[in-house]
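Data block for entry_2.txt (compact mmCIF, C-alpha atoms):
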```
# COMPACT_ATOMS: atom_id res chain seq x y z
CA MET A 196 0.00 0.00 0.00
CA SER A 197 1.51 3.34 -1.08
CA ALA A 198 2.30 6.12 1.37
CA GLN A 199 0.10 9.18 1.48
CA PRO A 200 1.55 12.15 -0.43
CA ASP A 201 2.92 15.02 1.63
CA LEU A 202 1.12 18.12 0.36
CA LEU A 203 2.68 20.52 2.87
CA TYR A 204 5.41 22.90 1.77
CA SER A 205 8.92 22.26 3.07
CA GLU A 206 11.13 25.01 4.49
CA GLU A 207 13.18 24.93 1.29
CA GLU A 208 10.06 25.34 -0.84
CA GLU A 209 8.89 28.28 1.25
CA ALA A 210 12.32 29.88 0.93
CA LEU A 211 12.16 29.37 -2.83
CA ARG A 212 8.71 30.97 -2.89
CA ALA A 213 9.93 34.02 -0.98
CA ALA A 214 12.89 34.47 -3.31
CA VAL A 215 10.77 34.18 -6.47
CA ARG A 216 8.12 36.53 -5.08
CA ASP A 217 10.74 39.15 -4.25
CA LEU A 218 12.22 38.88 -7.73
CA LEU A 219 8.84 39.19 -9.43
CA ALA A 220 7.96 42.20 -7.27
CA ASP A 221 10.97 43.95 -8.82
CA HIS A 222 10.42 42.80 -12.41
CA CYS A 223 6.72 42.09 -12.92
CA ASP A 224 4.71 44.84 -11.25
CA ALA A 225 1.20 45.22 -12.67
CA PRO A 226 1.74 48.52 -14.56
CA GLY A 227 4.87 47.09 -16.15
CA VAL A 228 3.12 43.90 -17.28
CA ILE A 229 0.22 45.89 -18.73
CA ALA A 230 2.61 48.19 -20.58
CA ARG A 231 4.46 45.19 -21.98
CA THR A 232 1.26 43.67 -23.37
CA GLU A 233 0.73 46.89 -25.33
CA SER A 234 4.20 46.72 -26.85
CA GLY A 235 5.61 44.53 -29.58
CA ALA A 236 7.68 42.58 -27.03
CA PRO A 237 5.26 40.70 -24.74
CA HIS A 238 7.94 38.62 -23.01
CA ASP A 239 9.94 40.14 -20.16
CA ARG A 240 13.50 39.20 -21.06
CA ALA A 241 14.96 40.82 -17.94
CA ALA A 242 12.67 38.80 -15.66
CA TRP A 243 13.47 35.63 -17.59
CA LYS A 244 17.21 36.25 -17.31
CA ALA A 245 16.88 36.83 -13.57
CA LEU A 246 14.86 33.63 -13.13
CA ALA A 247 16.90 31.43 -15.45
CA ASP A 248 20.42 32.76 -15.15
CA GLY A 249 20.36 34.55 -11.81
CA MET A 250 18.44 31.93 -9.82
CA GLY A 251 18.92 28.85 -12.01
CA LEU A 252 15.20 28.07 -12.03
CA ALA A 253 15.03 27.13 -15.72
CA GLY A 254 16.98 24.00 -14.84
CA LEU A 255 14.99 22.78 -11.85
CA LEU A 256 13.89 19.60 -13.62
CA VAL A 257 17.24 18.99 -15.33
CA PRO A 258 19.71 16.59 -13.66
CA GLU A 259 22.80 18.16 -12.11
CA SER A 260 25.00 16.11 -14.44
CA LEU A 261 23.53 18.06 -17.35
CA GLY A 262 23.88 21.48 -15.76
CA GLY A 263 20.52 21.67 -14.00
CA GLN A 264 19.42 21.79 -10.38
CA GLY A 265 18.24 18.20 -10.09
CA ALA A 266 15.08 19.28 -8.25
CA THR A 267 11.57 17.86 -8.58
CA HIS A 268 8.20 18.94 -9.90
CA ARG A 269 7.30 20.12 -6.41
CA GLU A 270 9.85 22.94 -6.59
CA ALA A 271 8.82 23.80 -10.15
CA ALA A 272 5.22 23.96 -8.93
CA VAL A 273 6.16 26.53 -6.28
CA VAL A 274 7.78 28.69 -8.96
CA LEU A 275 4.68 28.41 -11.13
CA GLU A 276 2.41 29.39 -8.24
CA GLU A 277 4.34 32.64 -7.94
CA LEU A 278 4.41 33.19 -11.69
CA GLY A 279 0.64 32.73 -11.69
CA ARG A 280 0.26 35.28 -8.89
CA ALA A 281 2.16 37.83 -10.96
CA VAL A 282 0.82 36.77 -14.40
CA ALA A 283 4.49 36.94 -15.33
CA PRO A 284 5.11 37.17 -19.10
CA VAL A 285 7.95 34.63 -19.15
CA PRO A 286 8.14 31.28 -21.00
CA TYR A 287 8.73 29.20 -17.87
CA LEU A 288 5.94 26.66 -18.31
CA THR A 289 6.60 26.19 -22.02
CA SER A 290 10.41 26.03 -21.89
CA ALA A 291 11.50 24.98 -18.37
CA VAL A 292 8.67 22.43 -18.04
CA VAL A 293 7.13 21.29 -21.33
CA ALA A 294 10.13 21.49 -23.69
CA THR A 295 12.44 20.25 -20.95
CA GLU A 296 10.21 17.25 -20.18
CA ALA A 297 10.11 16.34 -23.86
CA LEU A 298 13.91 16.26 -23.94
CA LEU A 299 14.12 14.30 -20.68
CA ALA A 300 12.16 11.50 -22.38
CA PHE A 301 15.26 10.50 -24.34
CA PRO A 302 17.97 8.27 -22.84
CA HIS A 303 20.95 10.33 -21.80
CA SER A 304 23.37 7.60 -22.86
CA ARG A 305 22.42 7.78 -26.54
CA LEU A 306 25.35 9.39 -28.34
CA ARG A 307 25.68 11.25 -31.58
CA SER A 308 27.48 9.48 -34.40
CA SER A 309 30.32 11.99 -33.97
CA GLY A 310 30.68 11.07 -30.30
CA GLY A 311 30.14 13.15 -27.19
CA THR A 312 26.87 13.93 -25.48
CA SER A 313 23.49 13.43 -27.10
CA ILE A 314 21.63 16.21 -28.88
CA ALA A 315 18.94 16.13 -26.20
CA ASP A 316 21.55 16.46 -23.46
CA ASP A 317 23.11 19.45 -25.17
CA LEU A 318 19.75 21.13 -25.49
CA LEU A 319 18.86 20.37 -21.88
CA GLY A 320 22.02 22.09 -20.73
CA GLU A 321 21.25 25.13 -22.86
CA LEU A 322 17.65 25.35 -21.63
CA ALA A 323 18.73 24.83 -18.01
CA SER A 324 21.20 27.71 -18.20
CA GLY A 325 18.69 30.03 -19.85
CA ARG A 326 21.00 30.53 -22.83
CA ARG A 327 18.22 29.26 -25.08
CA ILE A 328 14.44 29.04 -24.83
CA GLY A 329 12.62 25.98 -26.10
CA ALA A 330 9.06 25.43 -27.29
CA LEU A 331 7.25 22.24 -28.17
CA ALA A 332 5.58 22.77 -31.56
CA VAL A 333 2.23 21.39 -30.44
CA ALA A 334 -0.91 23.50 -30.12
CA LEU A 335 -1.50 24.75 -26.57
CA ASN A 336 -4.98 23.22 -26.41
CA ILE A 337 -3.84 19.61 -26.91
CA ALA A 338 -4.46 17.36 -23.90
CA PRO A 339 -1.89 14.75 -22.79
CA GLY A 340 -3.86 11.99 -24.50
CA GLY A 341 -4.98 14.06 -27.47
CA THR A 342 -4.00 13.85 -31.12
CA PHE A 343 -1.32 16.34 -32.07
CA LYS A 344 -0.39 17.54 -35.54
CA ALA A 345 2.81 16.29 -37.15
CA VAL A 346 4.59 18.08 -39.97
CA ARG A 347 5.82 16.32 -43.11
CA HIS A 348 9.33 14.90 -43.21
CA GLU A 349 10.48 14.54 -46.77
CA GLY A 350 13.93 14.47 -48.33
CA GLY A 351 15.61 15.07 -45.01
CA VAL A 352 13.77 18.36 -44.35
CA LEU A 353 10.53 19.41 -42.68
CA HIS A 354 7.45 20.95 -44.26
CA GLY A 355 4.19 22.00 -42.62
CA GLU A 356 2.42 24.35 -40.27
CA VAL A 357 1.39 24.16 -36.61
CA THR A 358 -0.93 26.77 -35.12
CA GLY A 359 -1.51 27.85 -31.54
CA VAL A 360 2.04 27.22 -30.30
CA ALA A 361 2.56 29.03 -26.99
CA ASP A 362 5.65 31.24 -26.57
CA ALA A 363 7.03 30.27 -29.98
CA VAL A 364 7.85 33.95 -30.62
CA ALA A 365 10.36 33.79 -27.76
CA ALA A 366 11.83 30.39 -28.62
CA ASP A 367 15.35 29.78 -29.89
CA VAL A 368 14.73 26.09 -30.59
CA LEU A 369 11.51 24.34 -31.60
CA LEU A 370 10.80 20.68 -30.85
CA VAL A 371 8.76 19.53 -33.84
CA PRO A 372 6.90 16.19 -34.22
CA ALA A 373 7.04 14.82 -37.77
CA ASP A 374 4.97 12.25 -39.66
CA ASP A 375 7.84 9.74 -39.65
CA GLY A 376 7.33 9.40 -35.89
CA GLY A 377 10.37 11.42 -34.92
CA LEU A 378 10.78 14.54 -32.83
CA TYR A 379 13.15 17.06 -34.39
CA ALA A 380 15.01 20.00 -32.90
CA VAL A 381 14.73 22.96 -35.29
CA ASP A 382 16.46 26.30 -34.83
CA ALA A 383 13.76 28.96 -34.65
CA THR A 384 15.58 30.98 -37.30
CA ALA A 385 14.88 28.17 -39.78
CA ALA A 386 11.13 28.50 -39.24
CA THR A 387 8.64 31.28 -39.88
CA VAL A 388 6.96 32.21 -36.61
CA THR A 389 3.87 34.38 -37.10
CA PRO A 390 2.15 35.83 -33.99
CA GLN A 391 -1.56 35.07 -33.65
CA VAL A 392 -4.20 37.13 -31.92
CA SER A 393 -4.19 35.76 -28.37
CA LEU A 394 -6.70 36.34 -25.58
CA ASP A 395 -3.89 36.06 -23.02
CA LEU A 396 -1.39 38.71 -24.04
CA THR A 397 1.13 37.50 -21.45
CA ARG A 398 1.42 34.06 -23.09
CA PRO A 399 1.22 34.78 -26.82
CA LEU A 400 0.43 32.15 -29.42
CA ALA A 401 1.96 31.83 -32.85
CA THR A 402 1.83 29.83 -36.07
CA VAL A 403 5.01 27.92 -36.85
CA THR A 404 5.62 27.34 -40.56
CA LEU A 405 8.36 25.06 -41.82
CA ASP A 406 9.31 25.19 -45.49
CA GLY A 407 12.28 22.95 -46.04
CA ALA A 408 13.69 23.43 -42.53
CA THR A 409 16.48 21.15 -41.34
CA GLY A 410 15.96 19.42 -38.01
CA ARG A 411 18.09 17.23 -35.77
CA LEU A 412 16.40 13.96 -34.88
CA LEU A 413 16.00 13.49 -31.14
CA GLY A 414 14.04 10.24 -31.06
CA ASP A 415 10.44 9.00 -31.00
CA ALA A 416 7.94 11.84 -30.76
CA GLU A 417 4.95 10.02 -29.24
CA PRO A 418 6.27 9.23 -25.74
CA ALA A 419 8.17 12.51 -25.52
CA VAL A 420 5.15 14.63 -26.41
CA ARG A 421 2.88 12.65 -24.06
CA ARG A 422 5.32 13.12 -21.20
CA ALA A 423 5.70 16.82 -21.92
CA LEU A 424 1.97 17.48 -22.14
CA ARG A 425 1.26 15.53 -18.94
CA ALA A 426 3.82 17.56 -17.02
CA GLY A 427 2.50 20.77 -18.59
CA ALA A 428 -1.07 19.97 -17.58
CA GLY A 429 -0.08 18.91 -14.08
CA LEU A 430 2.04 21.95 -13.28
CA LEU A 431 -0.36 24.32 -15.02
CA ALA A 432 -2.67 23.60 -12.07
CA SER A 433 -0.09 25.23 -9.77
CA GLU A 434 -0.07 28.34 -11.96
CA GLN A 435 -3.87 28.39 -11.82
CA SER A 436 -3.71 27.97 -8.05
CA GLY A 437 -1.42 30.98 -7.68
CA LEU A 438 -3.64 33.02 -9.95
CA ALA A 439 -6.77 32.11 -7.99
CA GLU A 440 -5.11 32.87 -4.66
CA TRP A 441 -3.99 36.32 -5.83
CA THR A 442 -7.44 37.26 -7.12
CA LEU A 443 -9.10 36.11 -3.88
CA THR A 444 -6.57 37.90 -1.65
CA GLU A 445 -6.73 41.11 -3.67
CA THR A 446 -10.54 41.07 -3.71
CA VAL A 447 -10.74 40.61 0.07
CA ARG A 448 -8.26 43.46 0.56
CA TYR A 449 -10.24 45.75 -1.73
CA LEU A 450 -13.59 44.97 -0.10
CA LYS A 451 -12.15 45.79 3.32
CA GLU A 452 -11.14 49.23 2.09
CA ARG A 453 -14.07 50.18 -0.14
CA LYS A 454 -17.01 51.69 1.75
CA GLN A 455 -20.71 52.08 1.05
CA PHE A 456 -23.21 53.58 3.48
CA ASN A 457 -20.23 54.42 5.69
CA ARG A 458 -19.21 50.80 6.22
CA PRO A 459 -16.76 48.45 4.46
CA VAL A 460 -18.36 46.62 1.56
CA GLY A 461 -16.75 43.41 2.77
CA GLY A 462 -19.00 43.49 5.82
CA PHE A 463 -22.13 42.74 3.79
CA GLN A 464 -23.35 39.22 4.43
CA ALA A 465 -23.98 38.34 0.78
CA LEU A 466 -20.40 39.17 -0.17
CA LYS A 467 -19.05 37.26 2.82
CA HIS A 468 -20.85 34.15 1.57
CA ARG A 469 -19.45 34.55 -1.94
CA LEU A 470 -15.92 34.99 -0.63
CA ALA A 471 -16.23 32.05 1.78
CA GLN A 472 -17.36 29.78 -1.05
CA LEU A 473 -14.52 31.00 -3.24
CA TRP A 474 -12.01 30.41 -0.44
CA LEU A 475 -13.12 26.78 -0.15
CA GLU A 476 -12.67 26.31 -3.90
CA VAL A 477 -9.23 27.91 -3.89
CA VAL A 478 -8.03 25.77 -0.98
CA ASN A 479 -9.24 22.62 -2.72
CA LEU A 480 -7.51 23.71 -5.91
CA ARG A 481 -4.24 24.18 -4.03
CA ALA A 482 -4.51 20.64 -2.66
CA ALA A 483 -5.25 19.16 -6.09
CA ALA A 484 -2.35 21.07 -7.66
CA ARG A 485 0.06 20.02 -4.91
CA ASN A 486 -1.03 16.41 -5.32
CA ALA A 487 -0.38 16.56 -9.07
CA ALA A 488 3.08 18.05 -8.52
CA ASP A 489 3.91 15.40 -5.92
CA ALA A 490 2.66 12.59 -8.18
CA LEU A 491 4.74 13.88 -11.09
CA SER A 492 7.81 13.96 -8.88
CA THR A 493 7.32 10.39 -7.63
CA GLY A 494 5.76 8.94 -10.79
CA GLU A 495 3.03 7.27 -8.73
CA ASP A 496 -0.54 7.61 -10.10
CA ALA A 497 0.59 10.67 -12.03
CA ASP A 498 -2.00 10.29 -14.80
CA VAL A 499 -4.85 10.21 -12.28
CA ALA A 500 -3.48 13.08 -10.20
CA VAL A 501 -2.99 15.30 -13.26
CA ALA A 502 -6.48 14.55 -14.57
CA VAL A 503 -8.05 15.32 -11.17
CA ALA A 504 -6.13 18.59 -10.85
CA GLN A 505 -7.02 19.82 -14.32
CA ALA A 506 -10.66 18.73 -14.05
CA PHE A 507 -10.90 21.00 -11.00
CA ALA A 508 -8.44 23.82 -11.72
CA ALA A 509 -9.91 25.64 -14.71
CA PRO A 510 -13.42 26.28 -13.32
CA VAL A 511 -12.01 27.51 -10.00
CA ALA A 512 -9.43 29.84 -11.57
CA VAL A 513 -12.00 31.32 -13.94
CA HIS A 514 -14.53 31.70 -11.12
CA ALA A 515 -11.99 33.45 -8.91
CA ALA A 516 -11.02 35.87 -11.67
CA GLU A 517 -14.65 36.58 -12.55
CA GLU A 518 -15.52 37.27 -8.92
CA ALA A 519 -12.54 39.59 -8.63
CA LEU A 520 -13.64 41.51 -11.71
CA GLN A 521 -17.23 41.86 -10.50
CA LEU A 522 -16.45 42.68 -6.88
CA HIS A 523 -13.96 45.36 -7.82
CA GLY A 524 -16.87 47.23 -9.36
CA GLY A 525 -16.16 49.97 -11.89
CA ILE A 526 -12.42 50.06 -11.31
CA GLY A 527 -12.21 46.37 -12.18
CA MET A 528 -13.48 47.16 -15.67
CA THR A 529 -10.60 49.54 -16.44
CA TRP A 530 -7.50 48.66 -18.45
CA GLU A 531 -5.27 50.15 -15.77
CA HIS A 532 -6.38 47.63 -13.13
CA PRO A 533 -4.58 44.28 -13.58
CA VAL A 534 -7.59 42.06 -12.92
CA HIS A 535 -8.27 41.74 -16.66
CA LEU A 536 -4.84 40.11 -17.06
CA TYR A 537 -5.84 37.43 -14.56
CA LEU A 538 -9.21 36.80 -16.18
CA LYS A 539 -7.62 36.44 -19.61
CA ARG A 540 -4.93 34.11 -18.28
CA ALA A 541 -7.54 32.04 -16.43
CA LYS A 542 -9.70 31.77 -19.55
CA ALA A 543 -6.73 30.84 -21.75
CA ASP A 544 -5.50 28.32 -19.16
CA SER A 545 -8.94 26.72 -19.10
CA ILE A 546 -8.30 25.23 -22.55
CA ALA A 547 -4.52 24.80 -22.24
CA TYR A 548 -3.34 21.18 -22.27
CA GLY A 549 -6.94 20.01 -22.43
CA THR A 550 -10.24 21.32 -21.11
CA ALA A 551 -11.71 20.30 -17.77
CA GLY A 552 -14.20 18.13 -19.65
CA ALA A 553 -11.43 16.34 -21.54
CA HIS A 554 -9.63 15.61 -18.27
CA ARG A 555 -12.83 14.36 -16.62
CA GLU A 556 -13.32 11.99 -19.54
CA ALA A 557 -9.73 10.81 -19.27
CA LEU A 558 -10.13 10.34 -15.51
CA ALA A 559 -13.23 8.21 -16.01
CA GLY A 560 -11.25 5.84 -18.20
CA LEU A 561 -8.31 5.72 -15.79
CA VAL A 562 -10.46 4.71 -12.81
CA ASP A 563 -12.92 2.61 -14.82
CA LEU A 564 -15.95 4.82 -14.27
CA GLN A 565 -17.26 4.99 -17.79
CA ALA A 566 -20.51 6.83 -18.41
CA PRO A 567 -23.50 4.63 -19.33
```
Reformat the file's structure so that it appears as structure tokens.
Amino acid sequence: MSAQPDLLYSEEEEALRAAVRDLLADHCDAPGVIARTESGAPHDRAAWKALADGMGLAGLLVPESLGGQGATHREAAVVLEELGRAVAPVPYLTSAVVATEALLAFPHSRLRSSGGTSIADDLLGELASGRRIGALAVALNIAPGGTFKAVRHEGGVLHGEVTGVADAVAADVLLVPADDGGLYAVDATAATVTPQVSLDLTRPLATVTLDGATGRLLGDAEPAVRRALRAGAGLLASEQSGLAEWTLTETVRYLKERKQFNRPVGGFQALKHRLAQLWLEVVNLRAAARNAADALSTGEDADVAVAVAQAFAAPVAVHAAEEALQLHGGIGMTWEHPVHLYLKRAKADSIAYGTAGAHREALAGLVDLQAP
């Protein structure tokens, strides 16, 4: 019989949280994030450099032998909670988690024909150091068990188009599944990356077009993509948890300060009930997200834990953001107030790596509870 997962945060994890929160307070204040979404450069390169190079967080999941930190998904989840709280415009989930997990699927002992370390190992070291940013060329809405698009491999080069690729505009290397069953590493300069109109301006989408691009074969695409998408879905729940906690905390703070009829609005019974219900949902979301992170780190019942977390996370995050928008009243409807960033991120996250419905369906199959 397996041991119960420990969902409490360790002292090291709390110290990591404090360090990341301090860094984001300096780099990702709300006015700065809003201003960046209005510019032609949505990603905050300075914040990314501080996270990846200064703190080494891009390599949390990478073994120490390859230049990473050799940490677990639990530590990465703490980072994502804080990134969710700040709606930070950095490619952490897509590069440090999804692209990294895809590369970790390949045996580290497999060598190039010329000798030396494997291509995947080289890329892992570059992603871990923050020297390069990676992106998996799979649409953001694809669930871990979903069908993903593969480009055509013909004559030793790649042809095709993939839409809805998150953070591709910031990527230096693209991991591209092909119809021959392989996953190829393609330099972003060899592809045409065209920004798409994205609801979430802090995690932009793009169309990746390959027209005779050369790629380096990494190995079989299917298991690598499945692993990457599962980790992305599981740790996305931690981002959604951080987002929901920020919106709840900020809404409570605002309602304590705002007055009507010479008394704080937060004292009205109807609003107390709404906030109490939301608090229960947010606490449950945190537990589900922590369980998914712990399961990913141990490998025990990870598929079930990820499906449970994502079946629960999206509705709660969206609900928390919607309540924040409504309860902030008129000021919540303004562009200057950051709550719209959280609502857009929550809405975009609700279809990222599979919808809640898709995860419920997957969960039913995993625990043999098929609908009649």
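Among the candidate residues A:Leu256, A:Leu370, A:Leu322, A:Ala401, the one lying nearest to Val274 (chain A) is A:Leu256, with distances computed using only C-alpha atoms.
Using all atoms listed in the file, the shortest contact distance between Val257 (chain A) and any of A:Ala541, A:Ala323, A:Val293, A:Ala272 is found at A:Ala323.
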- request: Could you jot down the CA of Glu517 (chain A) to CA of Ser436 (chain A) separation for me, Å, one decimal place?
  value: 14.6 Å
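The residue set within 12 Å of Glu476 (chain A), counting all atoms listed in the file and dropping same-chain residues fewer than 3 places from it, reads Ser436, Ala439, Glu440, Leu443, Arg469, Leu470, Ala471, Gln472, Leu473, Asn479, Leu480, Arg481, Ala482, Ala483, Phe507, Ala508, Ala509, Pro510, Val511, Ala512, Val513, His514 and Ala515 of chain A.
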Store the residues of this selection in a file with C-alpha atoms, as an mmCIF file, in the frame of the given file.
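As written to disk, again_23.cif reads:
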```cif
data_model
loop_
_atom_site.group_PDB
_atom_site.id
_atom_site.type_symbol
_atom_site.label_atom_id
_atom_site.label_comp_id
_atom_site.auth_asym_id
_atom_site.auth_seq_id
_atom_site.Cartn_x
_atom_site.Cartn_y
_atom_site.Cartn_z
ATOM 1 C CA SER A 436 -3.710 27.970 -8.050
ATOM 2 C CA ALA A 439 -6.770 32.110 -7.990
ATOM 3 C CA GLU A 440 -5.110 32.870 -4.660
ATOM 4 C CA LEU A 443 -9.100 36.110 -3.880
ATOM 5 C CA ARG A 469 -19.450 34.550 -1.940
ATOM 6 C CA LEU A 470 -15.920 34.990 -0.630
ATOM 7 C CA ALA A 471 -16.230 32.050 1.780
ATOM 8 C CA GLN A 472 -17.360 29.780 -1.050
ATOM 9 C CA LEU A 473 -14.520 31.000 -3.240
ATOM 10 C CA ASN A 479 -9.240 22.620 -2.720
ATOM 11 C CA LEU A 480 -7.510 23.710 -5.910
ATOM 12 C CA ARG A 481 -4.240 24.180 -4.030
ATOM 13 C CA ALA A 482 -4.510 20.640 -2.660
ATOM 14 C CA ALA A 483 -5.250 19.160 -6.090
ATOM 15 C CA PHE A 507 -10.900 21.000 -11.000
ATOM 16 C CA ALA A 508 -8.440 23.820 -11.720
ATOM 17 C CA ALA A 509 -9.910 25.640 -14.710
ATOM 18 C CA PRO A 510 -13.420 26.280 -13.320
ATOM 19 C CA VAL A 511 -12.010 27.510 -10.000
ATOM 20 C CA ALA A 512 -9.430 29.840 -11.570
ATOM 21 C CA VAL A 513 -12.000 31.320 -13.940
ATOM 22 C CA HIS A 514 -14.530 31.700 -11.120
ATOM 23 C CA ALA A 515 -11.990 33.450 -8.910
#
```
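Between CA of Ala543 (chain A) and CA of Ile337 (chain A) lies a distance of 12.7 Å.
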Among the residues A:Ala551, A:Ala294, A:Val534, A:Ala497, the one that comes closest to Leu319 (chain A) [using only C-alpha atoms]: A:Ala294
- prompt: So which one's closest to Gly524 (chain A), A:Leu450, A:Leu288, A:Leu405, A:Leu246? Using all atoms listed in the file, please.
  reply: A:Leu450
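Comparing the minimum interatomic distances between Asn336 (chain A) and each of A:Ser324, A:Gln521, A:Thr550, A:Gln565, counting all atoms listed in the file, we find that A:Thr550 sits nearest.
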- prompt: Counting only C-alpha atoms, which of A:Asp415, A:Ala519, A:Arg540, A:Lys244 gets nearest to Arg448 (chain A)?
  reply: A:Ala519
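From CA of Ala423 (chain A) back to CA of Gly359 (chain A), the distance works out to 16.3 Å.
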With only C-alpha atoms counted and 12 Å as the cut-off, give the residues of region 330-419 of chain A in contact with region 229-232 of chain A, each with its shortest interatomic distance in Å and the pair that gives it, as a Markdown table.
```
| residue | atom | partner | partner_atom | distance |
| --- | --- | --- | --- | --- |
| A:Ser393 | CA | A:Thr232 | CA | 10.8 |
| A:Leu394 | CA | A:Thr232 | CA | 11.0 |
| A:Asp395 | CA | A:Thr232 | CA | 9.2 |
| A:Leu396 | CA | A:Thr232 | CA | 5.7 |
| A:Thr397 | CA | A:Thr232 | CA | 6.5 |
| A:Arg398 | CA | A:Thr232 | CA | 9.6 |
| A:Pro399 | CA | A:Thr232 | CA | 9.5 |
```
query: Neighbours of Pro533 (chain A) within 12 Å (all atoms listed in the file; same-chain residues fewer than 5 positions away dropped), as an MDAnalysis selection string?
result: chainID A and resid 223:230 232 280:283 397 438 441:442 445:446 516 519:520 523 526:528 538:540
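If you count all atoms listed in the file and ignore residues fewer than 6 places along the chain from Gly341 (chain A), what sits within 9 Å of it is Arg421, Tyr548 and Gly549 of chain A.
If you count only C-alpha atoms and ignore residues fewer than 2 places along the chain from Ala426 (chain A), what sits within 9 Å of it is His268, Val292, Val293, Glu296, Pro339, Arg421, Arg422, Ala423, Leu424, Ala428, Gly429, Leu430, Leu431, Ala488, Leu491 and Val501 of chain A.
Every residue within 8 Å of the file position (21.6, 20.5, -15.8), judged by only C-alpha atoms, is given as A:Gly254, A:Val257, A:Pro258, A:Glu259, A:Ser260, A:Leu261, A:Gly262, A:Gly263, A:Gln264, A:Gly265, A:Leu319, A:Gly320, A:Ala323, A:Ser324.
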query: Could you name the residues that touch Ala366 (chain A) at 12 Å or less, counting all atoms listed in the file, but leaving out those on the same chain fewer than 5 positions away, as a VMD selection string?
result: chain A and resid 238 240 285 to 287 289 to 291 294 322 325 to 332 360 to 361 380 to 388 399 to 401 403
Each region 223-332 of chain A residue no farther than 10 Å from region 211-214 of chain A, nearest pair in Å, all atoms listed in the file, as CSV:
```
residue,atom,partner,partner_atom,distance
A:Met250,CA,A:Ala214,CA,8.9
A:Leu252,CA,A:Leu211,CA,9.8
A:Glu270,CA,A:Leu211,CA,7.8
A:Ala271,CA,A:Leu211,CA,9.8
A:Ala272,CA,A:Arg212,CA,9.9
A:Val273,CA,A:Arg212,CA,6.1
A:Val274,CA,A:Arg212,CA,6.6
A:Leu275,CA,A:Arg212,CA,9.5
A:Glu276,CA,A:Arg212,CA,8.4
A:Glu277,CA,A:Arg212,CA,6.9
```
With all heavy atoms retained, output region 205-209 of chain A as an mmCIF file, in the first residue's frame.
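Okay, out_33.cif is ready:
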```
data_model
loop_
_atom_site.group_PDB
_atom_site.id
_atom_site.type_symbol
_atom_site.label_atom_id
_atom_site.label_comp_id
_atom_site.auth_asym_id
_atom_site.auth_seq_id
_atom_site.Cartn_x
_atom_site.Cartn_y
_atom_site.Cartn_z
ATOM 1 N N SER A 205 7.730 22.369 2.241
ATOM 2 C CA SER A 205 8.918 22.257 3.074
ATOM 3 C C SER A 205 9.517 23.643 3.306
ATOM 4 O O SER A 205 9.146 24.618 2.648
ATOM 5 C CB SER A 205 9.956 21.359 2.397
ATOM 6 O OG SER A 205 10.435 21.978 1.213
ATOM 7 N N GLU A 206 10.458 23.732 4.234
ATOM 8 C CA GLU A 206 11.129 25.009 4.490
ATOM 9 C C GLU A 206 11.865 25.493 3.243
ATOM 10 O O GLU A 206 11.887 26.691 2.949
ATOM 11 C CB GLU A 206 12.120 24.859 5.652
ATOM 12 C CG GLU A 206 11.458 24.644 7.007
ATOM 13 C CD GLU A 206 12.483 24.603 8.135
ATOM 14 O OE1 GLU A 206 13.677 24.904 7.858
ATOM 15 O OE2 GLU A 206 12.101 24.278 9.267
ATOM 16 N N GLU A 207 12.455 24.557 2.514
ATOM 17 C CA GLU A 207 13.177 24.926 1.291
ATOM 18 C C GLU A 207 12.221 25.477 0.239
ATOM 19 O O GLU A 207 12.548 26.439 -0.476
ATOM 20 C CB GLU A 207 13.926 23.719 0.731
ATOM 21 C CG GLU A 207 15.086 23.243 1.582
ATOM 22 C CD GLU A 207 14.633 22.410 2.778
ATOM 23 O OE1 GLU A 207 13.426 22.086 2.865
ATOM 24 O OE2 GLU A 207 15.489 22.088 3.632
ATOM 25 N N GLU A 208 11.047 24.865 0.142
ATOM 26 C CA GLU A 208 10.062 25.336 -0.835
ATOM 27 C C GLU A 208 9.537 26.720 -0.467
ATOM 28 O O GLU A 208 9.328 27.575 -1.341
ATOM 29 C CB GLU A 208 8.916 24.326 -0.948
ATOM 30 C CG GLU A 208 9.323 23.040 -1.650
ATOM 31 C CD GLU A 208 8.301 21.929 -1.508
ATOM 32 O OE1 GLU A 208 7.394 22.044 -0.637
ATOM 33 O OE2 GLU A 208 8.396 20.934 -2.236
ATOM 34 N N GLU A 209 9.347 26.962 0.819
ATOM 35 C CA GLU A 209 8.887 28.280 1.246
ATOM 36 C C GLU A 209 9.970 29.339 1.012
ATOM 37 O O GLU A 209 9.678 30.478 0.654
ATOM 38 C CB GLU A 209 8.486 28.252 2.722
ATOM 39 C CG GLU A 209 7.209 27.464 3.009
ATOM 40 C CD GLU A 209 5.961 28.109 2.420
ATOM 41 O OE1 GLU A 209 6.055 29.159 1.750
ATOM 42 O OE2 GLU A 209 4.874 27.554 2.629
#
```
